Amino acid sequence: LGEMAGVRRLFNESYAATSAEMKSIVEQSDETPARRLAPAERSERFESQQQRLTGIKIQGMLEPGNSLVDAAVSIYESDRIKYIEWQHCVSREHEVLTSTKKDTALSFDANGVLKLSKKDTVTPCDATSELQVKYCLTRRGLALEQGNVMSFENHEKWAEKLLSCRLSEPPAGYVRITFKQMQLADAKLFVVLGEKCRSGIKVVGTAERPCDKKFDEAMNSHEVQHLLQPMPMAQKSKQDGDSPGQAPSVRQTIQKKGGGKGGGKKGKTGRVW
């Protein structure tokens, strides 16, 4: 009797968990917030990743925030790749030190019923320097691996390429790539990756992750690479007033009024001091 009671309890709990998960999948919409991982599952994924990545200490500025990990898990469960912007790649330290806002908005559920929903909004992080961008990309790579979307090694390879293109010395007559170019190339990578993984990003059996299988092909595609090319340096504007419709400069005007030697007062030429 004791064993049968345990089996019945296990069956009821499994049925309740499966039913709740199936219901959330069916009723999911664009306004549905990302599913939060349970503390035990979150801790297990973190410890498993830390044991595998022995060359990096996941703490402080490198530890991805809970909202970032939940976003990666939501991407995997939706079976469609999605781009996560740099300012949303917050650290766990940033989440602890900054306040979380609750935004209230009206939305429709799967049945078309209007409801009032609340969504937690984390303050965006700063990504205005090369070091801050590197931290953001590292946290995003760790979160995407915890969400089983792609491996950290592939994402880190892309992060190193972005920073290498940014810090490389451009050819003569060209300027370094800007942060805007880096952001455009970063977003384009996920667009191309989504095109190559139309059948889904979930792992089937023991096969390789679909995103990992197509990652190198997407990263080396011409749609992404041409955005990381240095741009020509802007030419200096002419100061001689030779171009059509351009007014003469102040120096030219004064020199013409002053004339040549002896043309001015007491033989002085018009000169600009």
# chains A, B, ... in the order shown; residues from 1 in each chain; ligands from 1
>>> select_by_dssp(residues="region 36-253 of chain A", states="alpha helix (DSSP H)", output="PyMOL selection string")
chain A and resi 39-52+66-78+92-97+130-146+152-167+179-196+210-219+222-225+250-253
>>> write_last_selection(atoms="C-alpha atoms", output="short mmCIF file (atom, residue, chain, number, x, y, z; two decimals), in the first residue's frame")
data_model
loop_
_atom_site.label_atom_id
_atom_site.label_comp_id
_atom_site.auth_asym_id
_atom_site.auth_seq_id
_atom_site.Cartn_x
_atom_site.Cartn_y
_atom_site.Cartn_z
CA PRO A 39 15.64 28.21 -8.08
CA ALA A 40 16.72 24.56 -8.07
CA GLU A 41 16.79 24.35 -11.87
CA ARG A 42 18.56 27.71 -12.15
CA SER A 43 21.23 26.62 -9.68
CA GLU A 44 21.71 23.27 -11.42
CA ARG A 45 22.27 24.92 -14.82
CA PHE A 46 24.69 27.42 -13.33
CA GLU A 47 26.77 24.80 -11.50
CA SER A 48 26.85 22.51 -14.52
CA GLN A 49 28.12 25.33 -16.71
CA GLN A 50 30.74 26.41 -14.18
CA GLN A 51 32.10 22.87 -13.93
CA ARG A 52 32.41 22.61 -17.69
CA ASN A 66 18.15 36.04 -13.89
CA SER A 67 16.17 38.06 -16.42
CA LEU A 68 18.79 37.37 -19.08
CA VAL A 69 18.79 33.61 -18.41
CA ASP A 70 14.97 33.56 -18.42
CA ALA A 71 15.01 35.34 -21.79
CA ALA A 72 17.37 32.69 -23.19
CA VAL A 73 15.14 29.89 -21.87
CA SER A 74 12.11 31.60 -23.42
CA ILE A 75 13.90 31.70 -26.78
CA TYR A 76 14.57 27.98 -26.61
CA GLU A 77 11.00 27.13 -25.61
CA SER A 78 9.56 29.29 -28.41
CA ARG A 92 23.22 39.47 -11.58
CA GLU A 93 25.11 42.15 -9.67
CA HIS A 94 23.31 44.84 -11.71
CA GLU A 95 19.93 43.29 -10.88
CA VAL A 96 20.71 43.23 -7.17
CA LEU A 97 21.97 46.82 -7.01
CA GLU A 130 34.71 48.26 -25.55
CA LEU A 131 35.11 46.65 -22.13
CA GLN A 132 31.43 47.04 -21.26
CA VAL A 133 30.42 45.56 -24.62
CA LYS A 134 32.75 42.62 -24.01
CA TYR A 135 31.12 41.98 -20.62
CA CYS A 136 27.63 42.18 -22.17
CA LEU A 137 28.52 39.70 -24.92
CA THR A 138 30.12 37.30 -22.44
CA ARG A 139 27.02 37.36 -20.22
CA ARG A 140 24.77 36.81 -23.23
CA GLY A 141 26.86 33.84 -24.36
CA LEU A 142 26.68 32.27 -20.90
CA ALA A 143 22.92 32.81 -20.73
CA LEU A 144 22.30 31.35 -24.19
CA GLU A 145 24.23 28.24 -23.24
CA GLN A 146 22.26 27.88 -20.00
CA PHE A 152 29.36 29.49 -25.17
CA GLU A 153 32.43 28.75 -27.32
CA ASN A 154 30.67 29.71 -30.55
CA HIS A 155 29.21 32.89 -29.09
CA GLU A 156 32.56 33.85 -27.58
CA LYS A 157 34.20 33.35 -30.97
CA TRP A 158 31.79 35.90 -32.41
CA ALA A 159 32.42 38.32 -29.52
CA GLU A 160 36.18 38.12 -30.11
CA LYS A 161 35.67 38.83 -33.81
CA LEU A 162 33.56 41.92 -33.06
CA LEU A 163 36.15 43.36 -30.68
CA SER A 164 39.00 42.47 -33.04
CA CYS A 165 37.37 44.38 -35.89
CA ARG A 166 36.73 47.31 -33.59
CA LEU A 167 40.31 47.56 -32.28
CA PHE A 179 29.67 50.85 -32.29
CA LYS A 180 26.70 51.28 -34.62
CA GLN A 181 28.34 48.98 -37.16
CA MET A 182 29.03 46.43 -34.45
CA GLN A 183 25.41 46.49 -33.31
CA LEU A 184 24.13 46.13 -36.87
CA ALA A 185 26.45 43.18 -37.54
CA ASP A 186 25.50 41.58 -34.22
CA ALA A 187 21.79 41.84 -34.99
CA LYS A 188 22.30 40.66 -38.57
CA LEU A 189 24.03 37.51 -37.30
CA PHE A 190 20.90 36.48 -35.43
CA VAL A 191 18.74 37.30 -38.46
CA VAL A 192 20.85 35.07 -40.72
CA LEU A 193 20.98 32.39 -38.03
CA GLY A 194 17.19 32.45 -37.82
CA GLU A 195 16.93 32.04 -41.58
CA LYS A 196 19.18 29.00 -41.49
CA PRO A 210 20.86 23.54 -34.72
CA CYS A 211 22.32 26.97 -33.92
CA ASP A 212 25.77 25.50 -33.34
CA LYS A 213 25.57 23.57 -36.59
CA LYS A 214 24.84 26.70 -38.63
CA PHE A 215 26.77 29.23 -36.55
CA ASP A 216 30.03 29.38 -38.55
CA GLU A 217 28.12 29.60 -41.81
CA ALA A 218 26.04 32.50 -40.50
CA MET A 219 29.02 34.29 -38.95
CA HIS A 222 28.64 38.19 -46.61
CA GLU A 223 25.50 39.75 -45.08
CA VAL A 224 27.33 39.93 -41.75
CA GLN A 225 30.91 40.47 -42.89
CA VAL A 250 35.95 85.73 -44.57
CA ARG A 251 39.70 85.63 -45.35
CA GLN A 252 39.06 86.00 -49.09
CA THR A 253 36.65 88.89 -48.56
#
>>> atom_distance(atom1="CA of Ala127 (chain A)", atom2="CA of Met231 (chain A)")
22.2 Å
>>> atom_distance(atom1="CA of Ala20 (chain A)", atom2="CA of Lys82 (chain A)")
24.6 Å
>>> closest_residue(among="A:Gln87, A:Asn148, A:Ser168, A:Thr98", to="Thr128 (chain A)", atoms="only C-alpha atoms")
A:Gln87
>>> select_by_dssp(residues="region 43-105 of chain A", states="strand (DSSP E or B)", output="NGL selection string")
:A and (64 or 91 or 100-105)
